[in-house]
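With compact mmCIF, C-alpha atoms inside, this is coords01.txt:
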# COMPACT_ATOMS: atom_id res chain seq x y z
CA MET A 1 0.00 0.00 0.00
CA ALA A 2 1.30 3.43 -0.88
CA ASP A 3 2.35 5.67 2.02
CA TRP A 4 4.06 9.02 2.54
CA ARG A 5 7.52 7.49 2.19
CA GLY A 6 6.59 6.24 -1.26
CA ALA A 7 5.22 9.66 -2.17
CA LEU A 8 8.44 11.36 -1.06
CA ALA A 9 10.55 8.84 -2.99
CA LEU A 10 8.43 9.42 -6.09
CA SER A 11 8.89 13.19 -5.79
CA VAL A 12 12.64 12.71 -6.35
CA LEU A 13 12.10 11.49 -9.93
CA PRO A 14 11.37 14.92 -11.52
CA THR A 15 14.54 16.34 -9.97
CA LEU A 16 16.55 13.36 -11.23
CA LEU A 17 15.12 13.73 -14.74
CA ALA A 18 15.89 17.47 -14.72
CA GLY A 19 19.49 16.72 -13.77
CA VAL A 20 19.86 14.20 -16.59
CA CYS A 21 18.35 16.62 -19.13
CA PHE A 22 20.71 19.35 -17.95
CA LEU A 23 23.69 17.26 -18.99
CA TRP A 24 22.45 17.67 -22.58
CA VAL A 25 21.42 21.32 -22.28
CA VAL A 26 24.54 22.50 -20.44
CA ARG A 27 26.50 22.90 -23.68
CA ALA A 28 24.09 25.63 -24.76
CA VAL A 29 24.67 27.69 -21.60
CA PRO A 30 27.23 30.42 -22.40
CA LEU A 31 30.19 30.92 -20.09
CA SER A 32 29.98 34.06 -17.96
CA GLU A 33 32.83 36.51 -18.56
CA THR A 34 31.65 39.09 -16.01
CA PRO A 35 34.63 40.69 -14.23
CA ARG A 36 35.08 40.21 -10.51
CA ILE A 37 32.86 42.45 -8.39
CA GLU A 38 34.84 45.17 -6.66
CA ARG A 39 34.03 47.25 -3.60
CA LYS A 40 32.85 50.21 -5.64
CA ASP A 41 30.38 48.00 -7.51
CA LEU A 42 28.84 46.88 -4.22
CA VAL A 43 28.67 50.49 -3.03
CA LEU A 44 26.84 51.56 -6.18
CA LEU A 45 24.52 48.56 -5.93
CA LEU A 46 23.73 49.36 -2.30
CA LYS A 47 23.13 53.01 -3.19
CA ALA A 48 20.59 51.98 -5.83
CA TRP A 49 18.65 49.85 -3.36
CA ARG A 50 18.71 52.51 -0.64
CA SER A 51 16.88 55.00 -2.84
CA ARG A 52 13.16 55.58 -2.31
CA LYS A 53 12.26 53.62 -5.42
CA GLY A 54 14.60 50.81 -4.40
CA VAL A 55 13.08 50.52 -0.93
CA ARG A 56 9.59 50.40 -2.43
CA LEU A 57 10.68 47.67 -4.85
CA VAL A 58 12.12 45.65 -1.96
CA ALA A 59 8.78 45.99 -0.17
CA VAL A 60 6.87 44.93 -3.30
CA VAL A 61 9.01 41.80 -3.73
CA SER A 62 8.72 40.90 -0.04
CA LEU A 63 4.95 41.41 0.26
CA TYR A 64 4.33 39.65 -3.04
CA ASN A 65 6.13 36.47 -2.09
CA MET A 66 4.81 36.48 1.46
CA ALA A 67 1.31 36.39 -0.04
CA LEU A 68 2.22 33.68 -2.57
CA ILE A 69 3.91 31.41 -0.02
CA ALA A 70 1.07 31.99 2.46
CA LEU A 71 -1.41 30.72 -0.11
CA LEU A 72 0.65 27.78 -1.36
CA SER A 73 1.46 26.58 2.14
CA MET A 74 -2.15 26.69 3.34
CA ILE A 75 -4.08 25.45 0.28
CA PRO A 76 -3.55 21.69 0.95
CA LEU A 77 -4.46 22.09 4.62
CA TYR A 78 -7.51 24.20 3.73
CA LEU A 79 -8.77 21.60 1.27
CA THR A 80 -8.26 18.88 3.89
CA LYS A 81 -9.84 20.62 6.87
CA VAL A 82 -12.71 22.48 5.21
CA HIS A 83 -13.58 20.31 2.20
CA THR A 84 -12.35 16.95 3.59
CA LEU A 85 -10.70 15.93 0.34
CA SER A 86 -8.40 12.92 0.05
CA PRO A 87 -4.63 13.39 -0.52
CA GLY A 88 -5.00 12.16 -4.11
CA LYS A 89 -7.69 14.71 -4.96
CA ILE A 90 -5.73 17.49 -3.25
CA GLY A 91 -2.67 16.57 -5.30
CA ILE A 92 -4.64 16.75 -8.54
CA ILE A 93 -6.20 20.12 -7.65
CA PHE A 94 -2.88 21.57 -6.49
CA ALA A 95 -1.11 20.38 -9.65
CA ALA A 96 -3.87 21.85 -11.83
CA ILE A 97 -3.56 25.20 -10.06
CA LEU A 98 0.21 25.28 -10.56
CA ILE A 99 0.14 24.09 -14.17
CA GLY A 100 -2.58 26.58 -15.07
CA ARG A 101 -0.29 29.49 -14.30
CA ALA A 102 2.49 28.43 -16.69
CA PRO A 103 0.98 29.58 -20.04
CA ALA A 104 0.42 33.09 -18.71
CA GLN A 105 4.05 33.79 -17.82
CA PRO A 106 5.48 34.38 -21.35
CA TRP A 107 2.45 36.49 -22.26
CA VAL A 108 2.69 38.60 -19.11
CA GLY A 109 6.44 38.99 -19.62
CA SER A 110 5.83 40.31 -23.13
CA ILE A 111 3.29 42.80 -21.80
CA SER A 112 5.77 44.02 -19.18
CA ASP A 113 8.29 44.72 -21.97
CA LYS A 114 5.75 47.02 -23.62
CA LEU A 115 3.89 48.64 -20.74
CA GLY A 116 6.53 48.58 -18.02
CA ARG A 117 7.28 46.30 -15.10
CA PHE A 118 5.34 48.12 -12.41
CA ALA A 119 2.14 48.36 -14.44
CA VAL A 120 2.13 44.56 -14.73
CA LEU A 121 3.06 44.10 -11.07
CA ALA A 122 0.26 46.41 -9.97
CA ALA A 123 -2.31 44.64 -12.15
CA GLY A 124 -1.25 41.10 -11.17
CA ASN A 125 -1.13 41.81 -7.45
CA GLY A 126 -4.37 43.79 -7.56
CA LEU A 127 -6.31 41.04 -9.34
CA ALA A 128 -4.91 38.44 -6.95
CA ALA A 129 -5.95 40.55 -3.95
CA LEU A 130 -9.55 40.66 -5.19
CA ALA A 131 -9.69 36.93 -5.94
CA VAL A 132 -8.18 35.90 -2.61
CA ARG A 133 -10.39 38.33 -0.69
CA GLY A 134 -13.43 36.64 -2.21
CA LEU A 135 -12.35 33.31 -0.68
CA ALA A 136 -13.00 34.74 2.78
CA PHE A 137 -16.76 34.72 2.00
CA ASP A 138 -16.82 30.89 1.82
CA PRO A 139 -17.92 30.43 -1.82
CA THR A 140 -19.17 27.16 -3.27
CA PHE A 141 -16.62 24.46 -4.07
CA TRP A 142 -16.10 25.07 -7.79
CA VAL A 143 -16.17 28.85 -7.37
CA MET A 144 -13.54 28.43 -4.65
CA ILE A 145 -11.35 26.34 -6.97
CA ALA A 146 -11.66 28.95 -9.73
CA MET A 147 -10.80 31.81 -7.37
CA LEU A 148 -7.82 29.91 -5.95
CA ALA A 149 -6.51 29.15 -9.44
CA PHE A 150 -7.02 32.73 -10.61
CA GLY A 151 -5.39 34.21 -7.51
CA VAL A 152 -2.32 31.98 -7.65
CA ALA A 153 -1.99 32.43 -11.43
CA SER A 154 -2.24 36.22 -11.12
CA LEU A 155 0.57 36.22 -8.59
CA ASP A 156 2.88 33.71 -10.19
CA SER A 157 2.49 35.02 -13.74
CA VAL A 158 4.18 38.31 -12.76
CA ARG A 159 7.20 36.61 -11.14
CA ALA A 160 9.38 37.04 -14.23
CA ALA A 161 8.39 40.71 -14.52
CA MET A 162 9.31 41.20 -10.87
CA LEU A 163 12.77 39.69 -11.32
CA ALA A 164 13.24 41.82 -14.45
CA ALA A 165 12.23 44.90 -12.44
CA THR A 166 15.02 44.23 -9.92
CA VAL A 167 17.60 43.92 -12.71
CA ASP A 168 16.27 47.03 -14.46
CA HIS A 169 16.50 49.01 -11.24
CA ALA A 170 20.04 47.94 -10.33
CA GLY A 171 21.35 48.35 -13.89
CA ARG A 172 24.50 46.33 -13.08
CA ASN A 173 25.74 43.05 -11.61
CA GLU A 174 22.75 41.03 -12.77
CA SER A 175 23.76 37.84 -10.96
CA THR A 176 24.24 39.64 -7.65
CA THR A 177 20.94 41.46 -8.12
CA LEU A 178 19.06 38.23 -8.85
CA GLY A 179 20.68 36.62 -5.81
CA PHE A 180 19.43 39.50 -3.69
CA ALA A 181 15.96 39.20 -5.25
CA PHE A 182 15.74 35.47 -4.49
CA THR A 183 16.85 36.15 -0.91
CA LEU A 184 13.81 38.39 -0.58
CA LEU A 185 11.55 35.94 -2.42
CA ASP A 186 12.50 32.80 -0.51
CA GLY A 187 13.90 34.23 2.72
CA VAL A 188 11.54 37.04 3.66
CA GLY A 189 8.70 35.37 1.77
CA ALA A 190 8.91 32.32 4.05
CA PHE A 191 7.65 34.53 6.87
CA GLY A 192 4.34 34.59 5.00
CA ALA A 193 3.83 30.91 5.82
CA VAL A 194 4.31 31.65 9.52
CA LEU A 195 1.76 34.47 9.46
CA ALA A 196 -0.66 32.34 7.42
CA GLY A 197 -0.43 29.51 9.95
CA ILE A 198 -1.18 31.90 12.81
CA ALA A 199 -4.10 33.44 10.91
CA ALA A 200 -5.50 30.02 9.96
CA GLY A 201 -5.50 29.14 13.66
CA ILE A 202 -8.00 31.96 14.11
CA SER A 203 -10.13 31.25 11.03
CA TRP A 204 -9.68 30.49 7.35
CA GLY A 205 -11.34 33.79 6.51
CA ALA A 206 -8.61 35.57 8.48
CA MET A 207 -5.93 33.69 6.56
CA PHE A 208 -7.37 34.68 3.18
CA CYS A 209 -7.80 38.28 4.35
CA LEU A 210 -4.12 38.30 5.40
CA ALA A 211 -2.96 37.02 2.00
CA SER A 212 -5.21 39.55 0.27
CA ALA A 213 -3.81 42.38 2.40
CA LEU A 214 -0.24 41.36 1.59
CA THR A 215 -0.74 41.23 -2.17
CA GLY A 216 -2.90 44.36 -2.03
CA GLY A 217 -0.05 46.19 -0.30
CA ALA A 218 2.32 45.04 -3.04
CA ALA A 219 -0.12 46.38 -5.65
CA VAL A 220 -0.32 49.79 -3.94
CA LEU A 221 3.47 50.09 -3.74
CA ALA A 222 3.82 49.04 -7.38
CA ILE A 223 1.36 51.79 -8.37
CA SER A 224 3.41 54.31 -6.38
CA ASN A 225 6.48 53.30 -8.39
CA LEU A 226 4.71 53.71 -11.73
CA ARG A 227 5.45 57.43 -11.83
CA ASP A 228 9.18 56.86 -11.41
CA SER A 229 9.48 53.92 -13.79
CA ALA A 230 10.10 54.12 -17.51
CA ARG A 231 9.28 51.59 -20.14
CA PRO A 232 12.15 49.21 -20.83
CA LYS A 233 14.20 50.20 -23.81
CA SER A 234 13.98 47.96 -26.84
CA PRO A 235 17.41 48.00 -28.53
CA LYS A 236 17.68 47.39 -32.24
CA SER A 237 20.97 45.53 -31.94
CA VAL A 238 23.20 43.85 -29.37
CA ALA A 239 26.95 44.23 -28.94
CA LEU A 240 29.24 41.22 -29.16
CA ILE A 241 32.42 40.56 -27.23
CA ASP A 242 34.68 41.32 -30.19
CA GLY A 243 33.14 44.77 -30.69
CA GLU A 244 30.83 43.81 -33.53
CA SER A 245 27.03 43.88 -33.32
CA MET A 246 24.06 42.06 -34.76
CA THR A 247 20.36 42.72 -34.91
CA ILE A 248 17.99 41.31 -32.29
CA GLU A 249 16.49 38.98 -34.90
CA LYS A 250 19.91 37.58 -35.83
CA ALA A 251 20.83 37.18 -32.17
CA LYS A 252 17.65 35.18 -31.50
CA ALA A 253 18.30 33.00 -34.54
CA GLU A 254 21.89 32.37 -33.45
CA HIS A 255 20.75 31.49 -29.93
CA ALA A 256 18.19 29.03 -31.30
CA ARG A 257 20.81 27.46 -33.57
CA GLN A 258 23.24 26.96 -30.66
CA TYR A 259 20.51 25.72 -28.31
CA TRP A 260 19.33 23.00 -30.67
CA PHE A 261 22.90 22.26 -31.82
CA LEU A 262 22.02 22.93 -35.47

The structure in this file should be written as structure tokens.
Amino acid sequence: MADWRGALALSVLPTLLAGVCFLWVVRAVPLSETPRIERKDLVLLLKAWRSRKGVRLVAVVSLYNMALIALLSMIPLYLTKVHTLSPGKIGIIFAAILIGRAPAQPWVGSISDKLGRFAVLAAGNGLAALAVRGLAFDPTFWVMIAMLAFGVASLDSVRAAMLAATVDHAGRNESTTLGFAFTLLDGVGAFGAVLAGIAAGISWGAMFCLASALTGGAAVLAISNLRDSARPKSPKSVALIDGESMTIEKAKAEHARQYWFL
């Protein structure tokens, strides 16, 4: 009979398959030739994040992921306690919610290139706040599933735009900036699960109101940054290491050729 140990052992297979596939894909990953980070680079990076816009962006990233982790950590328990679903049904529903968000990410990323990062962040967090707030009113089962899926998809679809916003703001040391962003996403965001657990101990309505307040706060801060943000520039060409340049179309074609080893 299947048990939790079997489920945990089975969960290792996707990671193992990803590692095997990476052995084939690794040849397409270009080597990084970024020079070593010096003290002045860190000072400039810190100065960028200490600005008013930088502090607001840090708050947006933190509140956003606190809301997302609060929802993801409590959804299985909510479905078990309130709707008394079996582990198999919960797994199917949770997988459907997570898979449903994937198609929206490239589309939302393209929109953020045209309209700006903070416009997309404000819209995604705002829509999620409304959907999650509606869950506090104890809707019917299928309405609840739809609102959960829409809320999680609205949040997760803007993740790429949020990471791009951090790189756009720093303007340098992309790897260091992304490392800082993931520290906020996974480190500070984990505190959302703690708050969600405390709120769920009071009532499930309180938990959903907490998640809605967190993502609503991220939406308000993103709106406040709209005035200071500019649309990302769309260059006509990219510079190569040897000083030459090629058009964006040629660069994409060359990347595709190298990726598929043509």

### Query
List as a PyMOL selection string: which residues have an atom within 10 Å of (2.6, 36.5, -13.6), counting all atoms listed in the file?
chain A and resi 101-109+112+120-121+123-125+152-162

### Message
Give me, as a list in words, all polymer residues having an atom no more than 9 Å from Ser62 in chain A, counting only C-alpha atoms and skipping those fewer than 2 positions away in the same chain.
### Response
Leu57, Val58, Ala59, Val60, Tyr64, Asn65, Met66, Ala67, Leu184, Leu185, Asp186, Gly187, Val188, Gly189 and Ala218 of chain A

Written file, previous selection with C-alpha atoms, as a PDB file, in the coordinates of the input:
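part20.pdb, freshly written:
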ATOM      1  CA  LEU A  57      10.680  47.670  -4.850  1.00  0.00           C
ATOM      2  CA  VAL A  58      12.120  45.650  -1.960  1.00  0.00           C
ATOM      3  CA  ALA A  59       8.780  45.990  -0.170  1.00  0.00           C
ATOM      4  CA  VAL A  60       6.870  44.930  -3.300  1.00  0.00           C
ATOM      5  CA  TYR A  64       4.330  39.650  -3.040  1.00  0.00           C
ATOM      6  CA  ASN A  65       6.130  36.470  -2.090  1.00  0.00           C
ATOM      7  CA  MET A  66       4.810  36.480   1.460  1.00  0.00           C
ATOM      8  CA  ALA A  67       1.310  36.390  -0.040  1.00  0.00           C
ATOM      9  CA  LEU A 184      13.810  38.390  -0.580  1.00  0.00           C
ATOM     10  CA  LEU A 185      11.550  35.940  -2.420  1.00  0.00           C
ATOM     11  CA  ASP A 186      12.500  32.800  -0.510  1.00  0.00           C
ATOM     12  CA  GLY A 187      13.900  34.230   2.720  1.00  0.00           C
ATOM     13  CA  VAL A 188      11.540  37.040   3.660  1.00  0.00           C
ATOM     14  CA  GLY A 189       8.700  35.370   1.770  1.00  0.00           C
ATOM     15  CA  ALA A 218       2.320  45.040  -3.040  1.00  0.00           C
TER      16      ALA A 218
END

### Task
Give me, please, the distance in Å between CA of Ile93 in chain A and CA of Phe22 in chain A, quoted to one decimal.
28.8 Å

Could the centre and edge lengths of an axis-aligned box, enclosing all atoms of range 3-7 of chain A in the file with 6 Å extra on each side, be given in Å to one decimal as lines of an AutoDock Vina configuration file?
center_x = 4.9
center_y = 7.7
center_z = 0.2
size_x = 17.2
size_y = 16.0
size_z = 16.7

### Task
Tell me, as a PyMOL selection string, which residues lie within 12 Å of Leu79 in chain A, counting all atoms listed in the file; anything in the same chain fewer than 2 positions away does not count.
chain A and resi 71-77+81-94+141+144-145+148+204

#### Entry: Point-to-point distance in Å for CA of Ala219 in chain A and CA of Arg50 in chain A
20.4 Å

### Query
Please, what distance in Å, to one decimal, runs between CA of Leu135 in chain A and CA of Phe191 in chain A?
21.4 Å

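You can rank A:Val61, A:Leu16, A:Val55, A:Ala28 by their closest distance to Leu163 in chain A using all atoms listed in the file, and at the top of that list sits A:Val61.
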
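Near Ala129 in chain A, within 9 Å and counting all atoms listed in the file, sit Gly124, Gly134, Gly151, Cys209, Ala211, Ser212, Ala213, Leu214, Thr215, Gly216, Gly217 and Ala219 of chain A; same-chain residues fewer than 5 positions away were not included.
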
### Query
Pick from A:Leu68, A:Leu226, A:Ala199, A:Val194: nearest to Ala149 in chain A, with only C-alpha atoms counted?
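Closest candidate: A:Leu68.
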
### Query
Leaving out Ile198 in chain A and any residue of its chain fewer than 5 positions from it, which residues lie within 12 Å of it when counting all atoms listed in the file, given as a ChimeraX atom specification?
/A:70,74,191-193,203-204,206-208,210

For those residues, write C-alpha atoms to a file as a tab-separated table (two decimals), in the frame of the given file.
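Output (selection27.tsv):
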chain	number	residue	atom	x	y	z
A	70	ALA	CA	1.07	31.99	2.46
A	74	MET	CA	-2.15	26.69	3.34
A	191	PHE	CA	7.65	34.53	6.87
A	192	GLY	CA	4.34	34.59	5.00
A	193	ALA	CA	3.83	30.91	5.82
A	203	SER	CA	-10.13	31.25	11.03
A	204	TRP	CA	-9.68	30.49	7.35
A	206	ALA	CA	-8.61	35.57	8.48
A	207	MET	CA	-5.93	33.69	6.56
A	208	PHE	CA	-7.37	34.68	3.18
A	210	LEU	CA	-4.12	38.30	5.40

### Closest of A:Ile69, A:Val20, A:Gly54, A:Trp4 to Ala196 in chain A - atom-to-atom distances counting only C-alpha atoms
A:Ile69

### Query
Hey, which of A:Ala119, A:Leu98, A:Met147, A:Val167 ends up closest to Ala131 in chain A? Count all atoms listed in the file.
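Counting all atoms listed in the file, the residue closest to Ala131 in chain A is A:Met147.
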
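Between Asp138 in chain A and the residues A:Lys114, A:Tyr78, A:Leu10, A:Ile202, the shortest atom-to-atom distance, using all atoms listed in the file, involves A:Tyr78.
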